[in-house]
file structure.cif (mmCIF, C-alpha atoms)
data_protein
loop_
_atom_site.label_atom_id
_atom_site.label_comp_id
_atom_site.auth_asym_id
_atom_site.auth_seq_id
_atom_site.Cartn_x
_atom_site.Cartn_y
_atom_site.Cartn_z
CA MET A 1 -24.66 16.45 5.29
CA ALA A 2 -23.18 18.86 7.81
CA GLU A 3 -19.92 20.64 7.03
CA THR A 4 -18.29 18.80 9.94
CA ASP A 5 -19.08 15.33 8.54
CA VAL A 6 -15.77 13.60 7.93
CA LEU A 7 -15.11 9.92 7.30
CA VAL A 8 -11.64 8.73 8.32
CA LEU A 9 -10.63 5.14 7.58
CA ARG A 10 -7.47 3.65 9.05
CA PRO A 11 -6.00 0.20 8.38
CA GLY A 12 -8.20 -2.51 9.88
CA ALA A 13 -7.08 -4.93 12.61
CA GLY A 14 -7.16 -8.02 10.35
CA PRO A 15 -5.11 -6.49 7.53
CA ARG A 16 -2.67 -5.03 10.08
CA ARG A 17 -2.13 -8.50 11.56
CA GLN A 18 -1.45 -9.90 8.07
CA VAL A 19 1.15 -7.21 7.37
CA LEU A 20 2.81 -7.78 10.75
CA LEU A 21 2.84 -11.55 10.16
CA ILE A 22 4.59 -11.03 6.82
CA VAL A 23 7.15 -8.75 8.52
CA ALA A 24 7.72 -11.39 11.23
CA VAL A 25 8.33 -14.12 8.66
CA ILE A 26 10.73 -11.94 6.64
CA SER A 27 12.52 -10.90 9.84
CA ALA A 28 12.93 -14.53 10.94
CA ALA A 29 14.34 -15.44 7.52
CA LEU A 30 16.78 -12.52 7.67
CA LEU A 31 17.88 -13.43 11.18
CA LEU A 32 18.46 -17.06 10.17
CA GLY A 33 20.37 -15.86 7.11
CA GLY A 34 22.56 -13.64 9.29
CA ILE A 35 23.27 -16.46 11.72
CA ASN A 36 24.06 -18.92 8.92
CA ALA A 37 26.29 -16.43 7.08
CA GLY A 38 28.61 -16.42 10.08
CA GLY A 39 30.41 -13.54 11.65
CA ARG A 40 29.22 -10.50 13.49
CA PRO A 41 29.06 -8.17 10.46
CA ALA A 42 26.52 -10.43 8.72
CA LEU A 43 24.40 -10.76 11.87
CA ILE A 44 24.50 -7.01 12.60
CA THR A 45 23.63 -6.25 8.96
CA CYS A 46 20.60 -8.54 9.13
CA ILE A 47 19.48 -7.02 12.41
CA GLY A 48 19.84 -3.55 10.83
CA LEU A 49 17.71 -4.66 7.87
CA ILE A 50 15.08 -6.07 10.24
CA LEU A 51 14.94 -2.77 12.13
CA LEU A 52 14.69 -0.84 8.84
CA LEU A 53 11.86 -3.09 7.63
CA ALA A 54 9.99 -2.96 10.95
CA GLY A 55 10.33 0.83 11.18
CA THR A 56 9.14 1.36 7.60
CA VAL A 57 6.10 -0.88 8.08
CA ALA A 58 5.25 0.77 11.42
CA VAL A 59 5.29 4.22 9.80
CA TYR A 60 3.29 2.89 6.82
CA LEU A 61 0.55 1.50 9.06
CA ARG A 62 0.49 4.67 11.17
CA VAL A 63 0.17 7.20 8.34
CA SER A 64 -2.05 5.25 5.92
CA ARG A 65 -5.63 6.49 5.81
CA ILE A 66 -8.51 7.50 3.60
CA VAL A 67 -10.31 10.74 4.50
CA VAL A 68 -13.55 11.97 2.95
CA THR A 69 -14.85 15.44 3.80
CA PRO A 70 -17.76 17.31 2.20
CA THR A 71 -15.29 18.91 -0.23
CA GLU A 72 -12.40 16.47 -0.62
CA ILE A 73 -11.39 12.82 -0.92
CA SER A 74 -7.83 12.01 0.08
CA ALA A 75 -5.66 8.93 0.40
CA ARG A 76 -2.39 8.89 2.29
CA GLY A 77 0.28 6.19 2.23
CA LEU A 78 3.94 5.91 3.08
CA THR A 79 5.21 7.92 0.11
CA PHE A 80 2.16 9.78 -1.20
CA HIS A 81 -0.80 11.97 -0.27
CA ARG A 82 -3.40 12.24 -3.03
CA ARG A 83 -6.22 14.77 -2.72
CA ARG A 84 -9.13 15.18 -5.10
CA ASP A 85 -12.11 17.53 -5.21
CA ARG A 86 -15.16 15.55 -4.11
CA ALA A 87 -17.43 17.52 -6.44
CA LEU A 88 -15.65 15.86 -9.39
CA ALA A 89 -16.54 12.34 -8.21
CA ALA A 90 -19.34 10.82 -10.32
CA SER A 91 -19.20 7.05 -9.84
CA VAL A 92 -17.25 4.21 -8.25
CA ILE A 93 -15.82 0.95 -9.53
CA ARG A 94 -15.15 -1.84 -7.03
CA ALA A 95 -12.83 -4.50 -8.40
CA THR A 96 -11.30 -7.57 -6.82
CA VAL A 97 -7.71 -7.50 -8.05
CA VAL A 98 -5.46 -10.55 -8.17
CA GLN A 99 -1.82 -9.72 -7.46
CA PRO A 100 1.23 -11.94 -7.01
CA GLY A 101 0.57 -13.73 -3.73
CA ALA A 102 -2.61 -11.85 -2.80
CA THR A 103 -6.10 -10.78 -3.75
CA SER A 104 -7.50 -7.44 -2.63
CA GLU A 105 -10.22 -4.98 -3.47
CA THR A 106 -9.44 -1.78 -5.34
CA ILE A 107 -11.87 1.12 -5.34
CA VAL A 108 -11.63 3.52 -8.28
CA ILE A 109 -13.47 6.83 -8.08
CA LEU A 110 -14.35 8.15 -11.53
CA ASP A 111 -15.02 11.67 -12.80
CA PRO A 112 -18.07 12.46 -14.99
CA GLY A 113 -16.08 11.53 -18.12
CA GLY A 114 -15.38 8.02 -16.77
CA HIS A 115 -11.69 8.69 -16.11
CA ALA A 116 -10.00 7.65 -12.87
CA LEU A 117 -10.05 10.47 -10.35
CA LEU A 118 -8.57 8.46 -7.48
CA SER A 119 -7.65 4.81 -7.06
CA LEU A 120 -7.73 3.35 -3.54
CA ASN A 121 -6.08 0.09 -2.54
CA GLY A 122 -8.53 -1.56 -0.16
CA ALA A 123 -6.10 -4.24 1.07
CA LEU A 124 -5.41 -2.42 4.36
CA TYR A 125 -9.07 -1.77 5.14
CA SER A 126 -11.76 -4.13 6.43
CA ASP A 127 -14.78 -5.13 4.34
CA ALA A 128 -16.98 -3.09 6.67
CA ASP A 129 -14.82 0.02 6.23
CA ARG A 130 -14.81 -0.32 2.44
CA GLY A 131 -18.61 -0.62 2.59
CA ARG A 132 -18.79 2.48 4.81
CA LEU A 133 -16.69 4.38 2.29
CA ILE A 134 -18.94 3.41 -0.63
CA GLY A 135 -22.06 4.27 1.37
CA TYR A 136 -20.61 7.58 2.53
CA LEU A 137 -19.70 8.62 -1.00
CA GLY A 138 -23.25 7.83 -2.16
CA LEU A 139 -22.20 7.38 -5.79
CA PRO A 140 -23.39 4.82 -8.36
CA THR A 141 -21.21 1.71 -8.01
CA SER A 142 -20.26 -0.93 -10.54
CA GLY A 143 -17.38 -3.28 -11.23
CA PRO A 144 -16.24 -6.44 -12.95
CA ALA A 145 -18.16 -9.58 -11.97
CA GLN A 146 -14.99 -11.63 -11.52
CA PRO A 147 -11.46 -10.94 -10.24
CA VAL A 148 -9.14 -9.06 -12.60
CA SER A 149 -5.43 -8.29 -12.73
CA PHE A 150 -4.11 -4.75 -12.44
CA VAL A 151 -3.29 -4.85 -16.15
CA GLN A 152 -6.91 -5.76 -17.00
CA LEU A 153 -8.23 -3.04 -14.68
CA SER A 154 -5.92 -0.46 -16.28
CA ARG A 155 -7.30 -1.40 -19.72
CA GLU A 156 -10.90 -1.05 -18.53
CA VAL A 157 -10.32 2.18 -16.60
CA PRO A 158 -7.38 4.22 -17.97
CA GLY A 159 -5.43 5.94 -15.23
CA SER A 160 -6.71 3.66 -12.47
CA VAL A 161 -3.46 1.74 -12.02
CA GLY A 162 0.00 3.22 -11.63
CA TRP A 163 3.26 1.86 -13.02
CA ALA A 164 3.84 -0.34 -9.96
CA GLY A 165 0.46 -2.04 -10.37
CA ARG A 166 0.99 -2.69 -14.07
CA HIS A 167 4.49 -4.10 -13.48
CA PRO A 168 4.33 -6.17 -10.24
CA ILE A 169 7.30 -8.39 -11.11
CA GLY A 170 9.41 -5.31 -11.87
CA VAL A 171 8.50 -3.82 -8.48
CA ILE A 172 9.45 -7.06 -6.71
CA LEU A 173 12.77 -7.14 -8.54
CA LEU A 174 13.50 -3.46 -7.81
CA CYS A 175 12.66 -3.90 -4.12
CA THR A 176 14.84 -7.00 -3.91
CA LEU A 177 17.70 -5.18 -5.64
CA GLY A 178 17.33 -2.18 -3.32
CA PHE A 179 17.28 -4.43 -0.26
CA ALA A 180 20.38 -6.26 -1.52
CA VAL A 181 22.24 -2.99 -2.13
CA ILE A 182 21.39 -1.75 1.38
CA ALA A 183 22.55 -5.08 2.84
CA LEU A 184 25.79 -4.96 0.83
CA VAL A 185 26.55 -1.38 1.88
CA LEU A 186 25.75 -2.04 5.56
CA GLY A 187 27.71 -5.30 5.56
CA THR A 188 30.72 -3.73 3.90
CA MET A 189 30.72 -0.78 6.30
CA LEU A 190 30.49 -3.09 9.31
CA TRP A 191 33.17 -5.41 7.94
CA LEU A 192 35.51 -2.45 7.44
CA LEU A 193 34.77 -1.08 10.91
CA MET A 194 35.37 -4.42 12.62
CA ASP A 195 38.48 -5.31 10.63
#
call {"tool": "encode", "arguments": {"input": "structure.cif", "output": "C-alpha cells"}}
result
Amino acid sequence: MAETDVLVLRPGAGPRRQVLLIVAVISAALLLGGINAGGRPALITCIGLILLLAGTVAVYLRVSRIVVTPTEISARGLTFHRRRDRALAASVIRATVVQPGATSETIVILDPGGHALLSLNGALYSDADRGRLIGYLGLPTSGPAQPVSFVQLSREVPGSVGWAGRHPIGVILLCTLGFAVIALVLGTMLWLLMD
C-alpha cells in the first residue's frame, strides 16, 4: 500500500435522504404546532427551531466522515473527532444493532487484546461503503449472527458503546427537554419583545 493511499467515506445518498426526510417531517410538525398555538411569537419560535434543526443536520451531514490512512483511522461527527493508530487495529466486529425506531450496522475495530479501539456507526454510510471499509482495513472480521441491542453489544465488547448508546431512552428524553427549553426561551423572548 502506497503512503498516499487514503480511504475517505462520506454519508451515502440513501442515508442522507432518510435523515432529510426525518428533518422534513419534524419541521412540518413544528410548523403545524406553531400555527395551531396561535400568535406570532409561537410561529416565529417554531420557525427558529426549524432553522436550528435544519442547520445542525446540514453541518452534521457535511462534517461526518470516516478516514483511513496507512497510519491512522479516524471518525468525525458533529461533536467529536476520534483518531486511532492503525497499527493497533487487530480485528473487526460487524454487528447489526437494533435501536429505538431504527436498525443500523455498527463496526467495532478491536485492538490485539480484544478491546474496542474505535466504534463506527454505519447508519450514515451505504452497504457498499461499509464493505469498502472492511476490505480496505484487511482485518479478520466477525460478529453476532443476529441483530443485537447496544446494551448487548456493550456486554460482548466492553468499550464499544458509549453512554448514549447504552441509554437511548435517556438520550431521547434529554434531547426533548433541551428542545423544549430552547423553545421556551425563544418564545418568552419573542413574547416580551412583541408585547
call {"tool": "resolve_selection", "arguments": {"input": "structure.cif", "expression": "the PyMOL selection byres ((chain A and resi 115) around 7)", "output": "JSON, numbers by chain"}}
result
{"A": [110, 111, 113, 114, 116, 117, 157, 158, 159]}
call {"tool": "residues_around", "arguments": {"input": "structure.cif", "residues": "segment 89-98 of chain A", "least_positions_apart": "5", "cutoff": "12 Å", "atoms": "all atoms listed in the file", "output": "PyMOL selection string"}}
result
chain A and resi 68+70-73+83-84+103-123+127+130-131+133-154+156-157+160-161+165-166+168
call {"tool": "resolve_selection", "arguments": {"input": "structure.cif", "expression": "the PyMOL selection byres ((chain A and resi 37-45) around 6)", "output": "ChimeraX atom specification"}}
result
/A:33-36,46-48,186-187,190-191
call {"tool": "atom_distance", "arguments": {"input": "structure.cif", "atom1": "atom CA of Gln99 of chain A", "atom2": "atom CA of Gly170 of chain A"}}
result
12.8 Å
call {"tool": "residues_around", "arguments": {"input": "structure.cif", "residues": "Ile50 of chain A", "least_positions_apart": "4", "cutoff": "10 Å", "atoms": "only C-alpha atoms", "output": "ChimeraX atom specification"}}
result
/A:23-24,26-31,44-46,54-56
call {"tool": "atom_distance", "arguments": {"input": "structure.cif", "atom1": "atom CA of Met194 of chain A", "atom2": "atom CA of Val25 of chain A"}}
result
29.0 Å
call {"tool": "resolve_selection", "arguments": {"input": "structure.cif", "expression": "the PyMOL selection byres ((chain A and resi 76) around 9)", "output": "list in words"}}
result
Val63, Ser64, Arg65, Ile66, Val67, Ser74, Ala75, Gly77, Leu78, Thr79, Phe80, His81, Arg82 and Arg83 of chain A
call {"tool": "axis_aligned_box", "arguments": {"input": "structure.cif", "around": "segment 40-59 of chain A", "padding_each_side": "6 Å", "output": "JSON"}}
result
{"center_x": 17.2, "center_y": -3.3, "center_z": 10.5, "size_x": 36.0, "size_y": 27.0, "size_z": 17.9}
call {"tool": "closest_residue", "arguments": {"input": "structure.cif", "among": "A:Leu61, A:Leu177, A:Ile169, A:Ile182", "to": "Arg16 of chain A", "atoms": "all atoms listed in the file"}}
result
A:Leu61
call {"tool": "atom_distance", "arguments": {"input": "structure.cif", "atom1": "atom CA of Arg17 of chain A", "atom2": "atom CA of Asp5 of chain A"}}
result
29.4 Å
call {"tool": "decode", "arguments": {"input": "structure.cif", "residues": "segment 3-140 of chain A", "atoms": "C-alpha atoms", "output": "PDB file, in the first residue's frame"}}
result
ATOM      1  CA  GLU A   3       1.817   6.105   1.595  1.00  0.00           C
ATOM      2  CA  THR A   4      -0.723   8.196  -0.339  1.00  0.00           C
ATOM      3  CA  ASP A   5      -3.479   5.558  -0.111  1.00  0.00           C
ATOM      4  CA  VAL A   6      -6.348   7.116   1.807  1.00  0.00           C
ATOM      5  CA  LEU A   7      -9.933   5.916   2.093  1.00  0.00           C
ATOM      6  CA  VAL A   8     -12.479   8.652   2.793  1.00  0.00           C
ATOM      7  CA  LEU A   9     -16.108   7.698   3.360  1.00  0.00           C
ATOM      8  CA  ARG A  10     -18.836  10.325   3.479  1.00  0.00           C
ATOM      9  CA  PRO A  11     -22.537   9.804   4.236  1.00  0.00           C
ATOM     10  CA  GLY A  12     -24.230   7.898   1.418  1.00  0.00           C
ATOM     11  CA  ALA A  13     -27.077   9.287  -0.709  1.00  0.00           C
ATOM     12  CA  GLY A  14     -29.710   6.881   0.666  1.00  0.00           C
ATOM     13  CA  PRO A  15     -28.945   7.538   4.343  1.00  0.00           C
ATOM     14  CA  ARG A  16     -28.760  11.291   3.653  1.00  0.00           C
ATOM     15  CA  ARG A  17     -32.253  11.179   2.117  1.00  0.00           C
ATOM     16  CA  GLN A  18     -33.565   9.340   5.192  1.00  0.00           C
ATOM     17  CA  VAL A  19     -32.097  11.960   7.530  1.00  0.00           C
ATOM     18  CA  LEU A  20     -33.514  14.793   5.417  1.00  0.00           C
ATOM     19  CA  LEU A  21     -36.937  13.097   5.327  1.00  0.00           C
ATOM     20  CA  ILE A  22     -36.938  12.868   9.132  1.00  0.00           C
ATOM     21  CA  VAL A  23     -35.990  16.572   9.351  1.00  0.00           C
ATOM     22  CA  ALA A  24     -38.813  17.451   6.921  1.00  0.00           C
ATOM     23  CA  VAL A  25     -41.384  15.533   8.975  1.00  0.00           C
ATOM     24  CA  ILE A  26     -40.218  17.120  12.251  1.00  0.00           C
ATOM     25  CA  SER A  27     -40.199  20.561  10.607  1.00  0.00           C
ATOM     26  CA  ALA A  28     -43.753  20.099   9.302  1.00  0.00           C
ATOM     27  CA  ALA A  29     -44.919  19.030  12.770  1.00  0.00           C
ATOM     28  CA  LEU A  30     -43.234  22.068  14.344  1.00  0.00           C
ATOM     29  CA  LEU A  31     -44.751  24.409  11.783  1.00  0.00           C
ATOM     30  CA  LEU A  32     -48.230  22.966  12.348  1.00  0.00           C
ATOM     31  CA  GLY A  33     -47.696  23.266  16.110  1.00  0.00           C
ATOM     32  CA  GLY A  34     -46.689  26.913  15.723  1.00  0.00           C
ATOM     33  CA  ILE A  35     -49.715  27.686  13.569  1.00  0.00           C
ATOM     34  CA  ASN A  36     -52.094  25.893  15.951  1.00  0.00           C
ATOM     35  CA  ALA A  37     -50.581  27.561  19.037  1.00  0.00           C
ATOM     36  CA  GLY A  38     -51.710  30.906  17.674  1.00  0.00           C
ATOM     37  CA  GLY A  39     -49.903  34.188  17.713  1.00  0.00           C
ATOM     38  CA  ARG A  40     -46.779  35.384  16.038  1.00  0.00           C
ATOM     39  CA  PRO A  41     -44.374  34.540  18.894  1.00  0.00           C
ATOM     40  CA  ALA A  42     -45.303  30.840  18.716  1.00  0.00           C
ATOM     41  CA  LEU A  43     -44.966  30.758  14.926  1.00  0.00           C
ATOM     42  CA  ILE A  44     -41.631  32.619  14.959  1.00  0.00           C
ATOM     43  CA  THR A  45     -40.349  30.322  17.718  1.00  0.00           C
ATOM     44  CA  CYS A  46     -41.238  27.239  15.679  1.00  0.00           C
ATOM     45  CA  ILE A  47     -39.619  28.680  12.574  1.00  0.00           C
ATOM     46  CA  GLY A  48     -36.484  29.416  14.649  1.00  0.00           C
ATOM     47  CA  LEU A  49     -36.447  25.822  15.900  1.00  0.00           C
ATOM     48  CA  ILE A  50     -36.840  24.529  12.337  1.00  0.00           C
ATOM     49  CA  LEU A  51     -33.894  26.656  11.194  1.00  0.00           C
ATOM     50  CA  LEU A  52     -31.806  25.452  14.156  1.00  0.00           C
ATOM     51  CA  LEU A  53     -32.648  21.821  13.392  1.00  0.00           C
ATOM     52  CA  ALA A  54     -32.001  22.184   9.654  1.00  0.00           C
ATOM     53  CA  GLY A  55     -28.693  23.976  10.235  1.00  0.00           C
ATOM     54  CA  THR A  56     -27.492  21.389  12.748  1.00  0.00           C
ATOM     55  CA  VAL A  57     -28.352  18.484  10.448  1.00  0.00           C
ATOM     56  CA  ALA A  58     -26.725  20.202   7.452  1.00  0.00           C
ATOM     57  CA  VAL A  59     -23.482  20.669   9.395  1.00  0.00           C
ATOM     58  CA  TYR A  60     -23.691  17.080  10.697  1.00  0.00           C
ATOM     59  CA  LEU A  61     -24.018  15.646   7.186  1.00  0.00           C
ATOM     60  CA  ARG A  62     -21.237  17.896   5.874  1.00  0.00           C
ATOM     61  CA  VAL A  63     -18.607  17.114   8.519  1.00  0.00           C
ATOM     62  CA  SER A  64     -19.338  13.416   9.127  1.00  0.00           C
ATOM     63  CA  ARG A  65     -16.761  11.086   7.608  1.00  0.00           C
ATOM     64  CA  ILE A  66     -14.532   8.097   8.182  1.00  0.00           C
ATOM     65  CA  VAL A  67     -10.918   8.408   7.031  1.00  0.00           C
ATOM     66  CA  VAL A  68      -8.386   5.582   6.898  1.00  0.00           C
ATOM     67  CA  THR A  69      -4.753   6.330   6.074  1.00  0.00           C
ATOM     68  CA  PRO A  70      -1.770   3.966   6.253  1.00  0.00           C
ATOM     69  CA  THR A  71      -1.133   5.171   9.814  1.00  0.00           C
ATOM     70  CA  GLU A  72      -4.496   6.260  11.223  1.00  0.00           C
ATOM     71  CA  ILE A  73      -8.212   5.506  11.406  1.00  0.00           C
ATOM     72  CA  SER A  74     -10.449   8.450  12.232  1.00  0.00           C
ATOM     73  CA  ALA A  75     -14.152   9.123  12.566  1.00  0.00           C
ATOM     74  CA  ARG A  76     -15.633  12.601  12.615  1.00  0.00           C
ATOM     75  CA  GLY A  77     -19.164  13.600  13.587  1.00  0.00           C
ATOM     76  CA  LEU A  78     -20.945  16.738  14.673  1.00  0.00           C
ATOM     77  CA  THR A  79     -19.414  16.899  18.157  1.00  0.00           C
ATOM     78  CA  PHE A  80     -16.410  14.575  18.018  1.00  0.00           C
ATOM     79  CA  HIS A  81     -13.280  13.620  16.081  1.00  0.00           C
ATOM     80  CA  ARG A  82     -11.809  10.284  17.147  1.00  0.00           C
ATOM     81  CA  ARG A  83      -8.385   9.241  15.864  1.00  0.00           C
ATOM     82  CA  ARG A  84      -6.677   5.915  16.468  1.00  0.00           C
ATOM     83  CA  ASP A  85      -3.329   4.461  15.431  1.00  0.00           C
ATOM     84  CA  ARG A  86      -3.997   1.974  12.636  1.00  0.00           C
ATOM     85  CA  ALA A  87      -1.129  -0.246  13.775  1.00  0.00           C
ATOM     86  CA  LEU A  88      -3.155  -1.063  16.913  1.00  0.00           C
ATOM     87  CA  ALA A  89      -6.101  -2.440  14.904  1.00  0.00           C
ATOM     88  CA  ALA A  90      -6.219  -6.251  15.031  1.00  0.00           C
ATOM     89  CA  SER A  91      -9.759  -7.302  14.089  1.00  0.00           C
ATOM     90  CA  VAL A  92     -13.241  -6.039  13.275  1.00  0.00           C
ATOM     91  CA  ILE A  93     -16.710  -6.839  14.563  1.00  0.00           C
ATOM     92  CA  ARG A  94     -19.690  -6.058  12.341  1.00  0.00           C
ATOM     93  CA  ALA A  95     -22.956  -6.007  14.254  1.00  0.00           C
ATOM     94  CA  THR A  96     -26.477  -5.155  13.201  1.00  0.00           C
ATOM     95  CA  VAL A  97     -27.777  -3.034  16.067  1.00  0.00           C
ATOM     96  CA  VAL A  98     -31.456  -2.519  16.828  1.00  0.00           C
ATOM     97  CA  GLN A  99     -32.201   0.950  18.203  1.00  0.00           C
ATOM     98  CA  PRO A 100     -35.488   2.684  19.003  1.00  0.00           C
ATOM     99  CA  GLY A 101     -37.078   3.234  15.602  1.00  0.00           C
ATOM    100  CA  ALA A 102     -34.151   2.001  13.508  1.00  0.00           C
ATOM    101  CA  THR A 103     -31.708  -0.762  12.716  1.00  0.00           C
ATOM    102  CA  SER A 104     -28.171   0.004  11.591  1.00  0.00           C
ATOM    103  CA  GLU A 105     -24.777  -1.597  11.323  1.00  0.00           C
ATOM    104  CA  THR A 106     -22.041  -0.783  13.809  1.00  0.00           C
ATOM    105  CA  ILE A 107     -18.413  -1.554  13.039  1.00  0.00           C
ATOM    106  CA  VAL A 108     -16.121  -2.028  16.032  1.00  0.00           C
ATOM    107  CA  ILE A 109     -12.367  -2.088  15.464  1.00  0.00           C
ATOM    108  CA  LEU A 110     -10.581  -4.081  18.158  1.00  0.00           C
ATOM    109  CA  ASP A 111      -7.015  -3.943  19.453  1.00  0.00           C
ATOM    110  CA  PRO A 112      -4.916  -7.130  19.893  1.00  0.00           C
ATOM    111  CA  GLY A 113      -6.358  -7.608  23.401  1.00  0.00           C
ATOM    112  CA  GLY A 114      -9.928  -7.675  22.056  1.00  0.00           C
ATOM    113  CA  HIS A 115     -10.842  -4.256  23.465  1.00  0.00           C
ATOM    114  CA  ALA A 116     -12.688  -1.655  21.410  1.00  0.00           C
ATOM    115  CA  LEU A 117     -10.265   0.689  19.697  1.00  0.00           C
ATOM    116  CA  LEU A 118     -12.887   2.583  17.693  1.00  0.00           C
ATOM    117  CA  SER A 119     -16.621   2.137  17.222  1.00  0.00           C
ATOM    118  CA  LEU A 120     -18.156   3.388  13.972  1.00  0.00           C
ATOM    119  CA  ASN A 121     -21.867   3.952  13.430  1.00  0.00           C
ATOM    120  CA  GLY A 122     -22.550   2.718   9.918  1.00  0.00           C
ATOM    121  CA  ALA A 123     -26.056   4.221   9.672  1.00  0.00           C
ATOM    122  CA  LEU A 124     -24.895   7.153   7.527  1.00  0.00           C
ATOM    123  CA  TYR A 125     -22.889   5.017   5.114  1.00  0.00           C
ATOM    124  CA  SER A 126     -24.049   2.764   2.286  1.00  0.00           C
ATOM    125  CA  ASP A 127     -23.618  -1.016   2.366  1.00  0.00           C
ATOM    126  CA  ALA A 128     -21.025  -0.711  -0.392  1.00  0.00           C
ATOM    127  CA  ASP A 129     -19.019   1.871   1.569  1.00  0.00           C
ATOM    128  CA  ARG A 130     -19.077  -0.245   4.731  1.00  0.00           C
ATOM    129  CA  GLY A 131     -17.841  -3.180   2.629  1.00  0.00           C
ATOM    130  CA  ARG A 132     -15.077  -0.990   1.150  1.00  0.00           C
ATOM    131  CA  LEU A 133     -14.019   0.000   4.661  1.00  0.00           C
ATOM    132  CA  ILE A 134     -13.805  -3.615   5.836  1.00  0.00           C
ATOM    133  CA  GLY A 135     -11.907  -4.623   2.696  1.00  0.00           C
ATOM    134  CA  TYR A 136      -9.537  -1.670   2.973  1.00  0.00           C
ATOM    135  CA  LEU A 137      -8.718  -2.451   6.599  1.00  0.00           C
ATOM    136  CA  GLY A 138      -7.941  -6.066   5.652  1.00  0.00           C
ATOM    137  CA  LEU A 139      -8.524  -7.341   9.191  1.00  0.00           C
ATOM    138  CA  PRO A 140     -10.215 -10.565  10.359  1.00  0.00           C
TER     139      PRO A 140
END
